[in-house]
Amino acid sequence: MLDVRRLRLLRDLAQHGTIAAVAAAHTYTPSAVSQQLAALEREAGVALLARTGRRVTLTPAGRTLVAHAEEVLAALERAGAALAATREGLSGPLRIGAFPTAMRTLLPPALVALAEAHPALELTVHELDPAAVPPLLRDGTLDVALVHDYDLVPIEPDPALHTAPLLDETIFIAATGPRGLAQCRDDPWILASPGTLCHTMTERACEAAGFAPRVRHHADDFVTVLTFVAAGQGVALVPELAAADPPPGVVLTPLDFRRRTRLAYRAGAAHHPAVAAFAAALSPVP
């Protein structure tokens with residue numbers, strides 16, 4: 001019989017790429033992870049890992065087992081959801097991740113509705129860039145999350161996670177006058193922090209227009225970004241959710257690019273009563 005905890009470690013090795021990263025994700029030592037994976041190989045009766053110096057890669061058998069591990073873990077999520085559905089009323093923790101714009105717009109009415117309908121639910125919210133969400137969903141730190149991606153920065157499919165579409169938004173250039181993207185070639189730019197999806201989106205949009213943005217400021221809060229634009233500090237790309245009430249002097253010019261907001265959760269968890277209640281409580285802003 002294959003140990004589910006060891007299957008999870010193998011799945012995470014396929015995701016993270018190194019034993020050290022798997023150890024960090026589970027607060028284990030690398031030696032402990034190696035020992036558990038060696039035990040899984042003995043259980044499987046075939047080599048799952050190929051070692052070249054300090055590097056470890058999955059063998060064809062290892063990749064096959066990872067695919068089945070995803071199915072097993074999703075089945076366990078479905079079993080947990082089915083058991084939760086037999087209980088009367090919703091109670092216990094629901095750990096939610098959300099990006100900053102959703103924290104201000106989509107999330108507050110959903111939290112109010114959930115608190116009124118299910119007062120025994122213990123709601124906790126973590127503000128996160130969508131790039132940080134997948135590992136936190138996989139390891140159970142989060143139960144559900146609001147994430148987004150862009151036309152120019154699509155999210156790679158993750159077999160451990162499922163998403164449901166929630167909202168599509170227009171992307172605008174925020175400037176002190178009507179501006180096309182190519183017209184902003186020589187302007188200073190306000191970008192989000194490096195490593196965030198919003199930062200990558202701006203870089204790729206400018207690249208598609210034939211130039212690299214001349215970055216003057218970094219800011220992750222779009223209220224701050226629009227305030228800086230109004231102060232003549234530069235131009236920026238701003239999604240529709242963040243552009244509802246721009247300060248005086250800011251002109252928003254729509255682009256063809258879109259941002260897509262999705263509800264994300266572990267594969268198999270869609271019908272968990274708490275996840276379903278959260279999905280039902282969300283009211284996209286037009």
# chains A, B, ... in the order shown; residues from 1 in each chain; ligands from 1

$ select_by_dssp --residues "range 216-246 of chain A" --states "alpha helix (DSSP H)" --output "PyMOL selection string"
chain A and resi 222-230

$ select_by_dssp --residues "range 83-274 of chain A" --states "strand (DSSP E)" --output "count of residues only"
65

$ closest_residue --among "A:Ala160, A:Leu114, A:Leu106, A:Leu73" --to "Arg266 in chain A" --atoms "only C-alpha atoms"
A:Ala160

$ residues_around --residues "range 252-263 of chain A" --least-positions-apart "6" --cutoff "6 Å" --atoms "only C-alpha atoms" --output "VMD selection string"
chain A and resid 145 to 151 163 to 174

$ write_last_selection --atoms "N, CA, C and O atoms" --output "JSON list (two decimals), in the first residue's frame"
[["chain", "number", "residue", "atom", "x", "y", "z"],
["A", 145, "ALA", "N", -9.05, 30.91, -2.69],
["A", 145, "ALA", "CA", -8.36, 32.17, -2.97],
["A", 145, "ALA", "C", -8.95, 32.84, -4.20],
["A", 145, "ALA", "O", -9.47, 32.17, -5.11],
["A", 146, "LEU", "N", -8.85, 34.15, -4.23],
["A", 146, "LEU", "CA", -9.13, 34.94, -5.42],
["A", 146, "LEU", "C", -7.80, 35.23, -6.10],
["A", 146, "LEU", "O", -6.89, 35.79, -5.48],
["A", 147, "VAL", "N", -7.68, 34.84, -7.34],
["A", 147, "VAL", "CA", -6.44, 35.02, -8.09],
["A", 147, "VAL", "C", -6.77, 35.70, -9.41],
["A", 147, "VAL", "O", -7.94, 35.79, -9.81],
["A", 148, "HIS", "N", -5.76, 36.18, -10.09],
["A", 148, "HIS", "CA", -5.98, 36.73, -11.42],
["A", 148, "HIS", "C", -4.80, 36.42, -12.32],
["A", 148, "HIS", "O", -3.72, 36.08, -11.87],
["A", 149, "ASP", "N", -5.05, 36.51, -13.61],
["A", 149, "ASP", "CA", -3.97, 36.48, -14.58],
["A", 149, "ASP", "C", -4.33, 37.42, -15.73],
["A", 149, "ASP", "O", -5.42, 38.02, -15.73],
["A", 150, "TYR", "N", -3.41, 37.60, -16.66],
["A", 150, "TYR", "CA", -3.60, 38.54, -17.75],
["A", 150, "TYR", "C", -3.46, 37.80, -19.09],
["A", 150, "TYR", "O", -2.85, 36.73, -19.16],
["A", 151, "ASP", "N", -3.96, 38.44, -20.14],
["A", 151, "ASP", "CA", -3.77, 37.87, -21.48],
["A", 151, "ASP", "C", -2.30, 37.63, -21.76],
["A", 151, "ASP", "O", -1.93, 36.60, -22.33],
["A", 163, "THR", "N", -9.87, 26.10, -10.85],
["A", 163, "THR", "CA", -10.34, 27.48, -10.76],
["A", 163, "THR", "C", -11.70, 27.60, -11.43],
["A", 163, "THR", "O", -12.05, 26.81, -12.31],
["A", 164, "ALA", "N", -12.46, 28.61, -11.00],
["A", 164, "ALA", "CA", -13.74, 28.94, -11.61],
["A", 164, "ALA", "C", -13.70, 30.41, -12.01],
["A", 164, "ALA", "O", -13.30, 31.26, -11.21],
["A", 165, "PRO", "N", -14.10, 30.73, -13.26],
["A", 165, "PRO", "CA", -14.05, 32.13, -13.69],
["A", 165, "PRO", "C", -15.02, 32.99, -12.89],
["A", 165, "PRO", "O", -16.13, 32.56, -12.57],
["A", 166, "LEU", "N", -14.60, 34.21, -12.60],
["A", 166, "LEU", "CA", -15.42, 35.11, -11.81],
["A", 166, "LEU", "C", -15.66, 36.44, -12.53],
["A", 166, "LEU", "O", -16.78, 36.95, -12.55],
["A", 167, "LEU", "N", -14.61, 37.02, -13.10],
["A", 167, "LEU", "CA", -14.73, 38.37, -13.63],
["A", 167, "LEU", "C", -13.64, 38.62, -14.66],
["A", 167, "LEU", "O", -12.49, 38.23, -14.46],
["A", 168, "ASP", "N", -13.99, 39.27, -15.76],
["A", 168, "ASP", "CA", -13.03, 39.75, -16.74],
["A", 168, "ASP", "C", -13.01, 41.28, -16.69],
["A", 168, "ASP", "O", -14.07, 41.91, -16.63],
["A", 169, "GLU", "N", -11.81, 41.86, -16.75],
["A", 169, "GLU", "CA", -11.68, 43.31, -16.64],
["A", 169, "GLU", "C", -10.89, 43.89, -17.81],
["A", 169, "GLU", "O", -9.98, 43.26, -18.33],
["A", 170, "THR", "N", -11.24, 45.13, -18.15],
["A", 170, "THR", "CA", -10.45, 45.90, -19.09],
["A", 170, "THR", "C", -9.22, 46.44, -18.37],
["A", 170, "THR", "O", -9.27, 46.75, -17.18],
["A", 171, "ILE", "N", -8.10, 46.57, -19.10],
["A", 171, "ILE", "CA", -6.90, 47.21, -18.58],
["A", 171, "ILE", "C", -6.82, 48.61, -19.20],
["A", 171, "ILE", "O", -7.04, 48.79, -20.40],
["A", 172, "PHE", "N", -6.49, 49.60, -18.36],
["A", 172, "PHE", "CA", -6.40, 50.98, -18.80],
["A", 172, "PHE", "C", -4.97, 51.50, -18.66],
["A", 172, "PHE", "O", -4.23, 51.09, -17.76],
["A", 173, "ILE", "N", -4.60, 52.44, -19.54],
["A", 173, "ILE", "CA", -3.45, 53.30, -19.27],
["A", 173, "ILE", "C", -3.94, 54.47, -18.45],
["A", 173, "ILE", "O", -4.89, 55.16, -18.84],
["A", 174, "ALA", "N", -3.33, 54.67, -17.31],
["A", 174, "ALA", "CA", -3.64, 55.84, -16.47],
["A", 174, "ALA", "C", -2.58, 56.90, -16.71],
["A", 174, "ALA", "O", -1.38, 56.65, -16.53]]

$ closest_residue --among "A:Met201, A:Ala113, A:Leu123, A:Val66" --to "Arg8 in chain A" --atoms "only C-alpha atoms"
A:Val66

$ atom_distance --atom1 "CA of Ala75 in chain A" --atom2 "CA of Ala32 in chain A"
26.3 Å

$ residues_around --residues "Phe99 in chain A" --least-positions-apart "6" --cutoff "6 Å" --atoms "only C-alpha atoms" --output "PyMOL selection string"
chain A and resi 127-129

$ closest_atom_pairs --of "range 187-226 of chain A" --to "range 238-241 of chain A" --cutoff "9 Å" --atoms "only C-alpha atoms" --output "Markdown table"
| residue | atom | partner | partner_atom | distance |
| --- | --- | --- | --- | --- |
| A:Cys198 | CA | A:Val238 | CA | 8.9 |
| A:Phe222 | CA | A:Val238 | CA | 7.1 |
| A:Val225 | CA | A:Val238 | CA | 8.4 |
| A:Leu226 | CA | A:Val238 | CA | 8.3 |

$ closest_residue --among "A:Thr105, A:Thr27, A:Gln35, A:Thr57" --to "Leu282 in chain A" --atoms "only C-alpha atoms"
A:Thr105

$ atom_distance --atom1 "CA of Ala212 in chain A" --atom2 "CA of Ala132 in chain A"
25.5 Å

$ closest_residue --among "A:Ile19, A:Val223, A:Ala208, A:Ala110" --to "Ala242 in chain A" --atoms "only C-alpha atoms"
A:Val223

$ decode --residues "range 211-254 of chain A" --atoms "N, CA and C atoms" --output "compact mmCIF listing (two decimals), in the first residue's frame"
# COMPACT_ATOMS: atom_id res chain seq x y z
N PHE A 211 8.90 48.79 -26.79
CA PHE A 211 9.82 49.51 -25.91
C PHE A 211 9.82 48.88 -24.52
N ALA A 212 10.82 49.23 -23.73
CA ALA A 212 10.90 48.81 -22.33
C ALA A 212 10.52 50.01 -21.45
N PRO A 213 9.68 49.82 -20.43
CA PRO A 213 9.26 50.96 -19.61
C PRO A 213 10.43 51.54 -18.81
N ARG A 214 10.46 52.86 -18.74
CA ARG A 214 11.46 53.56 -17.94
C ARG A 214 10.86 53.72 -16.53
N VAL A 215 11.25 52.85 -15.63
CA VAL A 215 10.60 52.76 -14.32
C VAL A 215 11.11 53.86 -13.40
N ARG A 216 10.16 54.63 -12.86
CA ARG A 216 10.51 55.65 -11.86
C ARG A 216 10.12 55.20 -10.46
N HIS A 217 8.94 54.61 -10.32
CA HIS A 217 8.43 54.23 -9.00
C HIS A 217 7.92 52.79 -9.03
N HIS A 218 7.95 52.14 -7.86
CA HIS A 218 7.28 50.86 -7.65
C HIS A 218 6.20 51.05 -6.58
N ALA A 219 4.99 50.61 -6.88
CA ALA A 219 3.89 50.68 -5.91
C ALA A 219 2.91 49.56 -6.23
N ASP A 220 2.46 48.84 -5.20
CA ASP A 220 1.55 47.71 -5.39
C ASP A 220 0.10 48.08 -5.16
N ASP A 221 -0.16 49.18 -4.47
CA ASP A 221 -1.53 49.60 -4.19
C ASP A 221 -1.99 50.54 -5.30
N PHE A 222 -3.08 50.20 -5.98
CA PHE A 222 -3.50 51.00 -7.12
C PHE A 222 -4.03 52.37 -6.72
N VAL A 223 -4.51 52.53 -5.50
CA VAL A 223 -4.88 53.86 -5.03
C VAL A 223 -3.65 54.75 -5.02
N THR A 224 -2.54 54.21 -4.52
CA THR A 224 -1.28 54.95 -4.54
C THR A 224 -0.82 55.22 -5.96
N VAL A 225 -0.93 54.20 -6.81
CA VAL A 225 -0.51 54.35 -8.21
C VAL A 225 -1.27 55.50 -8.87
N LEU A 226 -2.58 55.54 -8.72
CA LEU A 226 -3.38 56.59 -9.35
C LEU A 226 -3.08 57.95 -8.75
N THR A 227 -2.80 57.98 -7.46
CA THR A 227 -2.42 59.25 -6.81
C THR A 227 -1.11 59.77 -7.39
N PHE A 228 -0.17 58.87 -7.62
CA PHE A 228 1.12 59.26 -8.23
C PHE A 228 0.92 59.74 -9.66
N VAL A 229 0.04 59.06 -10.41
CA VAL A 229 -0.24 59.50 -11.78
C VAL A 229 -0.82 60.91 -11.76
N ALA A 230 -1.78 61.16 -10.87
CA ALA A 230 -2.39 62.49 -10.76
C ALA A 230 -1.35 63.55 -10.41
N ALA A 231 -0.31 63.15 -9.68
CA ALA A 231 0.74 64.09 -9.28
C ALA A 231 1.80 64.27 -10.36
N GLY A 232 1.58 63.67 -11.53
CA GLY A 232 2.51 63.81 -12.63
C GLY A 232 3.77 63.00 -12.49
N GLN A 233 3.71 61.91 -11.71
CA GLN A 233 4.91 61.10 -11.46
C GLN A 233 5.13 60.00 -12.48
N GLY A 234 4.21 59.84 -13.40
CA GLY A 234 4.39 58.81 -14.40
C GLY A 234 3.06 58.27 -14.89
N VAL A 235 3.14 57.25 -15.74
CA VAL A 235 1.96 56.57 -16.25
C VAL A 235 1.97 55.14 -15.71
N ALA A 236 0.83 54.46 -15.82
CA ALA A 236 0.73 53.11 -15.27
C ALA A 236 -0.40 52.37 -15.96
N LEU A 237 -0.35 51.04 -15.88
CA LEU A 237 -1.47 50.20 -16.30
C LEU A 237 -2.29 49.85 -15.07
N VAL A 238 -3.62 50.01 -15.20
CA VAL A 238 -4.52 49.84 -14.06
C VAL A 238 -5.72 49.00 -14.51
N PRO A 239 -6.08 47.95 -13.75
CA PRO A 239 -7.24 47.14 -14.12
C PRO A 239 -8.54 47.83 -13.73
N GLU A 240 -9.63 47.34 -14.32
CA GLU A 240 -10.93 47.98 -14.15
C GLU A 240 -11.38 48.07 -12.69
N LEU A 241 -11.16 47.02 -11.91
CA LEU A 241 -11.58 47.05 -10.51
C LEU A 241 -10.93 48.19 -9.74
N ALA A 242 -9.71 48.56 -10.13
CA ALA A 242 -8.99 49.61 -9.42
C ALA A 242 -9.23 50.99 -10.00
N ALA A 243 -10.00 51.07 -11.08
CA ALA A 243 -10.14 52.33 -11.81
C ALA A 243 -11.52 52.96 -11.67
N ALA A 244 -12.30 52.51 -10.71
CA ALA A 244 -13.68 52.98 -10.61
C ALA A 244 -13.77 54.45 -10.22
N ASP A 245 -12.84 54.95 -9.44
CA ASP A 245 -12.92 56.33 -8.93
C ASP A 245 -11.55 56.99 -8.99
N PRO A 246 -11.06 57.29 -10.20
CA PRO A 246 -9.72 57.88 -10.31
C PRO A 246 -9.70 59.30 -9.78
N PRO A 247 -8.56 59.77 -9.29
CA PRO A 247 -8.46 61.14 -8.80
C PRO A 247 -8.61 62.15 -9.94
N PRO A 248 -8.95 63.38 -9.61
CA PRO A 248 -9.05 64.41 -10.66
C PRO A 248 -7.75 64.54 -11.43
N GLY A 249 -7.89 64.70 -12.73
CA GLY A 249 -6.71 64.87 -13.57
C GLY A 249 -6.20 63.59 -14.20
N VAL A 250 -6.71 62.43 -13.77
CA VAL A 250 -6.27 61.15 -14.33
C VAL A 250 -7.23 60.74 -15.46
N VAL A 251 -6.67 60.45 -16.60
CA VAL A 251 -7.46 59.99 -17.75
C VAL A 251 -7.15 58.51 -17.98
N LEU A 252 -8.19 57.71 -18.12
CA LEU A 252 -8.05 56.27 -18.32
C LEU A 252 -8.36 55.92 -19.77
N THR A 253 -7.39 55.34 -20.45
CA THR A 253 -7.54 54.94 -21.85
C THR A 253 -7.56 53.42 -21.92
N PRO A 254 -8.66 52.81 -22.40
CA PRO A 254 -8.74 51.34 -22.42
C PRO A 254 -7.79 50.72 -23.44
